[in-house]
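K.L.:
A single structure is presented below for examination.
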Amino acid sequence: MKISIIGVGLIGGSIALKLKQKKVTDFIYGTDQNIENLDDALNLKIINEKTDLETGIRNSDLVIIAIPVDSSRKILPQVLDLISDHQTVMDVGSTKSGIVDSVKNHPKRSRFVAFHPMWGTENNGPKSAIAESFTGKAGVICNKEDSATDALELVENVVKSLDMHLIYMNAEDHDIHTAYISHISHITSYALANTVLEKEKEEDTIFQLASSGFSSTVRLAKSHPEMWVPIFKQNKNNVLDVLNEHISQLRKFKSALEKDNFEYLEELIVNANKIRGILDK
């Protein structure tokens with residue numbers, strides 16, 4: 001099977017490495033507006049050939065779109081215009097409703113499978129790609145009933161080859177859930193980093209005193225705006241909903257401290273500790 005990957009960065013590159021390792025494919029075309037990414041991906045043997053969009057699509061059995069979600073939404077209809085009835089297209093976007101809606105009336109909609117691998121880091125580019133990145137993580141396929149049986153089976157096999165466990169959702173539910181478990185984490189990390197940068201003016205002090213807890217909490221603040229602004233934009237309403245709830249929770253902590261209500265503060269922390277039982281399963 002020949003594969004074309006549009007966007008050979010962290011996610012696209014990691015997928016390519018794993019699928020080659022599992023011998024799902026022996027030839028991958030790479031397309032990217034970033035020429036440096038393309039050169040790096042070729043030198044690292046992540047891809048076999050760098051090419052233009054149309055050539056890569058026409059010569060591939062599977063096309064994987066691994067670019068920011070706003071760009072995915074724009075390019076997906078063009079990709080479907082170029083494929084035959086025997087080719088399959090999948091994306092890896094962190095939001096799904098807008099992408100799915102962009103092709104809901106497309107005559108080749110059934111050749112598309114909406115997919116989201118629940119993994120990512122603050123790094124970017126093919127040099128950060130890791131073959132084992134997805135092992136044990138959730139792979140979400142959305143609106144599977146809108147995809148052709150053979151296209152769905154192909155993507156399911158790809159997801160299994162990434163060593164991910166499959167979850168099926170509709171796009172709207174996916175976007176709500178990811179707002180709560182992924183997108184709010186990034187906003188919180190950005191906000192905390194800005195708070196520290198505003199209040200602590202001495203960079204050396206931040207570096208010398210930063211604990212592992214602080215470093216892990218603000219790690220996501222290193223994530224690139226090119227990826228995350230489009231995600232927040234596409235999932236705006238859900239992100240605002242979770243952000244309002246998060247602000248409400250912060251106010252409870254603030255109020256408990258202001259009123260010296262340490263019993264209530266303990267209740268808030270004990271309630272938060274319940275997350276341990278969920279995440280440690």
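Scheme for the structure tokens: letters A, B, ... for chains in order shown; per-chain residue numbers from 1; ligand numbers from 1 in order shown.
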Might you pull out every residue within 8 Å of Ala221 (chain A), with only C-alpha atoms counted and same-chain residues fewer than 6 positions away left off, and present them as an MDAnalysis selection string?

P.N.:
chainID A and resid 122 186 189:190 193

K.L.:
Can I get the selected residues back with N, CA, C and O atoms, as a PDB file, in the first residue's frame?

P.N.:
ATOM      1  N   GLU A 122       4.362  19.060  23.124  1.00  0.00           N
ATOM      2  CA  GLU A 122       4.592  20.472  22.867  1.00  0.00           C
ATOM      3  C   GLU A 122       5.577  20.684  21.725  1.00  0.00           C
ATOM      4  O   GLU A 122       5.792  21.822  21.283  1.00  0.00           O
ATOM      5  N   HIS A 186      -4.567  23.013  27.673  1.00  0.00           N
ATOM      6  CA  HIS A 186      -3.657  23.919  26.991  1.00  0.00           C
ATOM      7  C   HIS A 186      -3.923  25.368  27.373  1.00  0.00           C
ATOM      8  O   HIS A 186      -2.983  26.138  27.631  1.00  0.00           O
ATOM      9  N   SER A 189      -2.524  25.965  30.774  1.00  0.00           N
ATOM     10  CA  SER A 189      -1.069  26.014  30.749  1.00  0.00           C
ATOM     11  C   SER A 189      -0.574  27.350  30.190  1.00  0.00           C
ATOM     12  O   SER A 189       0.350  27.968  30.738  1.00  0.00           O
ATOM     13  N   TYR A 190      -1.198  27.816  29.106  1.00  0.00           N
ATOM     14  CA  TYR A 190      -0.839  29.131  28.559  1.00  0.00           C
ATOM     15  C   TYR A 190      -1.073  30.232  29.592  1.00  0.00           C
ATOM     16  O   TYR A 190      -0.236  31.131  29.777  1.00  0.00           O
ATOM     17  N   ALA A 193       1.507  30.100  32.441  1.00  0.00           N
ATOM     18  CA  ALA A 193       2.796  30.608  31.972  1.00  0.00           C
ATOM     19  C   ALA A 193       2.782  32.129  31.895  1.00  0.00           C
ATOM     20  O   ALA A 193       3.740  32.798  32.319  1.00  0.00           O
TER      21      ALA A 193
END

K.L.:
Using only C-alpha atoms, I'd like a table of the residues in region 141-240 of chain A that come within 12 Å of region 75-91 of chain A; for each, show the closest atom pair and its distance in Å rounded to one decimal, ordered by chain and ascending number, as a Markdown table.

P.N.:
| residue | atom | partner | partner_atom | distance |
| --- | --- | --- | --- | --- |
| A:Ile141 | CA | A:Met90 | CA | 9.7 |
| A:Cys142 | CA | A:Asp91 | CA | 10.7 |
| A:Lys144 | CA | A:Met90 | CA | 11.6 |
| A:Ser147 | CA | A:Thr88 | CA | 9.6 |
| A:Ala148 | CA | A:Thr88 | CA | 9.2 |
| A:Thr149 | CA | A:Thr88 | CA | 10.8 |
| A:Asp150 | CA | A:Thr88 | CA | 8.6 |
| A:Ala151 | CA | A:Thr88 | CA | 5.5 |
| A:Leu152 | CA | A:Thr88 | CA | 8.6 |
| A:Glu153 | CA | A:Thr88 | CA | 10.2 |
| A:Leu154 | CA | A:Thr88 | CA | 7.9 |
| A:Val155 | CA | A:Met90 | CA | 7.4 |
| A:Glu156 | CA | A:Met90 | CA | 10.7 |
| A:Val158 | CA | A:Met90 | CA | 10.2 |
| A:Val159 | CA | A:Met90 | CA | 10.9 |

K.L.:
Next, dump the selected residues to file, keeping only N, CA and C atoms, as a PDB file, in the first residue's frame.

P.N.:
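Result file is again21.pdb:
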ATOM      1  N   ILE A 141     -12.549   7.348  16.005  1.00  0.00           N
ATOM      2  CA  ILE A 141     -13.137   7.473  14.667  1.00  0.00           C
ATOM      3  C   ILE A 141     -14.529   8.062  14.836  1.00  0.00           C
ATOM      4  N   CYS A 142     -14.805   9.125  14.094  1.00  0.00           N
ATOM      5  CA  CYS A 142     -16.084   9.828  14.217  1.00  0.00           C
ATOM      6  C   CYS A 142     -16.984   9.591  13.005  1.00  0.00           C
ATOM      7  N   LYS A 144     -18.670   7.091  11.796  1.00  0.00           N
ATOM      8  CA  LYS A 144     -18.247   5.961  10.966  1.00  0.00           C
ATOM      9  C   LYS A 144     -19.328   5.530   9.968  1.00  0.00           C
ATOM     10  N   SER A 147     -18.947   6.655   6.359  1.00  0.00           N
ATOM     11  CA  SER A 147     -17.801   6.189   5.575  1.00  0.00           C
ATOM     12  C   SER A 147     -18.110   4.839   4.935  1.00  0.00           C
ATOM     13  N   ALA A 148     -17.568   4.616   3.752  1.00  0.00           N
ATOM     14  CA  ALA A 148     -17.739   3.329   3.060  1.00  0.00           C
ATOM     15  C   ALA A 148     -17.109   2.218   3.885  1.00  0.00           C
ATOM     16  N   THR A 149     -17.672   1.032   3.798  1.00  0.00           N
ATOM     17  CA  THR A 149     -17.212  -0.096   4.601  1.00  0.00           C
ATOM     18  C   THR A 149     -15.730  -0.385   4.402  1.00  0.00           C
ATOM     19  N   ASP A 150     -15.279  -0.397   3.145  1.00  0.00           N
ATOM     20  CA  ASP A 150     -13.874  -0.712   2.890  1.00  0.00           C
ATOM     21  C   ASP A 150     -12.942   0.399   3.368  1.00  0.00           C
ATOM     22  N   ALA A 151     -13.385   1.654   3.258  1.00  0.00           N
ATOM     23  CA  ALA A 151     -12.583   2.778   3.735  1.00  0.00           C
ATOM     24  C   ALA A 151     -12.453   2.721   5.257  1.00  0.00           C
ATOM     25  N   LEU A 152     -13.566   2.436   5.918  1.00  0.00           N
ATOM     26  CA  LEU A 152     -13.559   2.330   7.377  1.00  0.00           C
ATOM     27  C   LEU A 152     -12.656   1.195   7.835  1.00  0.00           C
ATOM     28  N   GLU A 153     -12.738   0.052   7.175  1.00  0.00           N
ATOM     29  CA  GLU A 153     -11.913  -1.099   7.552  1.00  0.00           C
ATOM     30  C   GLU A 153     -10.427  -0.793   7.387  1.00  0.00           C
ATOM     31  N   LEU A 154     -10.089  -0.076   6.315  1.00  0.00           N
ATOM     32  CA  LEU A 154      -8.689   0.281   6.084  1.00  0.00           C
ATOM     33  C   LEU A 154      -8.170   1.163   7.216  1.00  0.00           C
ATOM     34  N   VAL A 155      -8.938   2.186   7.581  1.00  0.00           N
ATOM     35  CA  VAL A 155      -8.504   3.096   8.645  1.00  0.00           C
ATOM     36  C   VAL A 155      -8.470   2.373   9.990  1.00  0.00           C
ATOM     37  N   GLU A 156      -9.429   1.506  10.242  1.00  0.00           N
ATOM     38  CA  GLU A 156      -9.415   0.715  11.477  1.00  0.00           C
ATOM     39  C   GLU A 156      -8.134  -0.111  11.574  1.00  0.00           C
ATOM     40  N   VAL A 158      -5.288   0.623  10.124  1.00  0.00           N
ATOM     41  CA  VAL A 158      -4.197   1.579  10.349  1.00  0.00           C
ATOM     42  C   VAL A 158      -4.105   1.934  11.826  1.00  0.00           C
ATOM     43  N   VAL A 159      -5.258   2.212  12.441  1.00  0.00           N
ATOM     44  CA  VAL A 159      -5.290   2.577  13.860  1.00  0.00           C
ATOM     45  C   VAL A 159      -4.770   1.431  14.725  1.00  0.00           C
TER      46      VAL A 159
END

K.L.:
Using only C-alpha atoms, which protein or nucleic acid residues come within 10 Å of Lys45 (chain A)? Drop anything in the same chain fewer than 5 positions from it, and give the result as a PyMOL selection string.

P.N.:
chain A and resi 13+16-17+20+28+39-40

K.L.:
Could you check which of A:Lys18, A:Lys201, A:Lys222, A:His177 is closest to Thr135 (chain A), using only C-alpha atoms?

P.N.:
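Looking only at the distances to Thr135 (chain A), the closest residue turns out to be A:Lys18.
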
K.L.:
When distances are computed from only C-alpha atoms, which of A:Phe134, A:Gly98, A:Pro126, A:Thr55 shows the smallest separation from Gly7 (chain A)?

P.N.:
A:Pro126

K.L.:
Would you mind reading off the distance between CA of Gly12 (chain A) and CA of Gly125 (chain A), one decimal, in Å?

P.N.:
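Result for CA of Gly12 (chain A) versus CA of Gly125 (chain A): 9.1 Å, one decimal.
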
K.L.:
Determine which residues of region 19-255 of chain A DSSP labels as alpha helix (DSSP H) from the backbone of this structure, then write them out as JSON, numbers by chain.

P.N.:
{"A": [19, 20, 21, 35, 36, 37, 38, 39, 40, 41, 42, 43, 53, 54, 55, 56, 57, 58, 69, 70, 71, 72, 73, 74, 75, 76, 77, 78, 79, 80, 81, 82, 97, 98, 99, 100, 101, 149, 150, 151, 152, 153, 154, 155, 156, 157, 158, 159, 160, 161, 171, 172, 173, 174, 175, 176, 177, 178, 184, 185, 186, 187, 188, 189, 190, 191, 192, 193, 194, 195, 196, 197, 198, 199, 203, 204, 205, 206, 207, 208, 209, 212, 213, 214, 215, 216, 217, 218, 225, 226, 227, 228, 229, 230, 231, 232, 233, 234, 236, 237, 238, 239, 240, 241, 242, 243, 244, 245, 246, 247, 248, 249, 250, 251, 252, 253, 254, 255]}

K.L.:
Quote the spacing between CA of Gly93 (chain A) and CA of Asp32 (chain A) in Å to one decimal place.

P.N.:
16.0 Å

K.L.:
Excluding Ser185 (chain A) and residues on its chain fewer than 4 positions from it, collect all residues at most 10 Å away from it, counting only C-alpha atoms, and give them as a list of chain:residue names.

P.N.:
A:Thr178, A:Ala179, A:Tyr180, A:Ile181, A:Ser189, A:Tyr190, A:Ala191, A:Thr217, A:Val218, A:Leu220, A:Ala221

K.L.:
Considering only C-alpha atoms, can you say which of A:Leu257, A:Ile67, A:Val100, A:Asn244 comes closest to Met227 (chain A)?

P.N.:
A:Ile67

K.L.:
Find the spatial neighbours of Ile99 (chain A), counting only C-alpha atoms, within a cut-off of 6 Å - ignore same-chain residues fewer than 3 positions away - and output them as an NGL selection string.

P.N.:
:A and (73 or 96 or 102)

K.L.:
Go ahead and write the residues just picked, all heavy atoms, as a PDB file, in the first residue's frame.

P.N.:
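Written output follows (result-v7.pdb):
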ATOM      1  N   ARG A  73      -9.747  21.565   7.125  1.00  0.00           N
ATOM      2  CA  ARG A  73     -11.132  21.848   6.731  1.00  0.00           C
ATOM      3  C   ARG A  73     -11.188  22.418   5.313  1.00  0.00           C
ATOM      4  O   ARG A  73     -12.103  22.112   4.542  1.00  0.00           O
ATOM      5  CB  ARG A  73     -11.746  22.824   7.734  1.00  0.00           C
ATOM      6  CG  ARG A  73     -13.216  23.094   7.530  1.00  0.00           C
ATOM      7  CD  ARG A  73     -13.736  23.948   8.665  1.00  0.00           C
ATOM      8  NE  ARG A  73     -15.167  24.218   8.510  1.00  0.00           N
ATOM      9  CZ  ARG A  73     -15.895  24.861   9.413  1.00  0.00           C
ATOM     10  NH1 ARG A  73     -15.327  25.300  10.526  1.00  0.00           N
ATOM     11  NH2 ARG A  73     -17.177  25.070   9.203  1.00  0.00           N
ATOM     12  N   LYS A  96     -13.476  17.823  15.159  1.00  0.00           N
ATOM     13  CA  LYS A  96     -14.041  16.994  14.103  1.00  0.00           C
ATOM     14  C   LYS A  96     -15.274  17.590  13.439  1.00  0.00           C
ATOM     15  O   LYS A  96     -15.496  17.371  12.255  1.00  0.00           O
ATOM     16  CB  LYS A  96     -14.396  15.596  14.669  1.00  0.00           C
ATOM     17  CG  LYS A  96     -13.190  14.834  15.168  1.00  0.00           C
ATOM     18  CD  LYS A  96     -12.584  13.899  14.122  1.00  0.00           C
ATOM     19  CE  LYS A  96     -11.823  14.556  13.029  1.00  0.00           C
ATOM     20  NZ  LYS A  96     -10.378  14.649  13.235  1.00  0.00           N
ATOM     21  N   SER A 102     -17.491  20.140   6.480  1.00  0.00           N
ATOM     22  CA  SER A 102     -16.931  20.704   5.239  1.00  0.00           C
ATOM     23  C   SER A 102     -17.151  19.799   4.032  1.00  0.00           C
ATOM     24  O   SER A 102     -17.058  20.246   2.891  1.00  0.00           O
ATOM     25  CB  SER A 102     -15.436  20.992   5.410  1.00  0.00           C
ATOM     26  OG  SER A 102     -14.677  19.794   5.454  1.00  0.00           O
TER      27      SER A 102
END

K.L.:
List the neighbours of Ser161 (chain A) out to 9 Å using only C-alpha atoms; skip same-chain residues closer than 6 positions along the sequence, and give me the result as a PyMOL selection string.

P.N.:
chain A and resi 18-19+22+24

K.L.:
Just how far from CA of Lys160 (chain A) is CA of Asn124 (chain A), in Å to one decimal?

P.N.:
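Straight-line distance from CA of Asn124 (chain A) to CA of Lys160 (chain A) works out to 23.8 Å.
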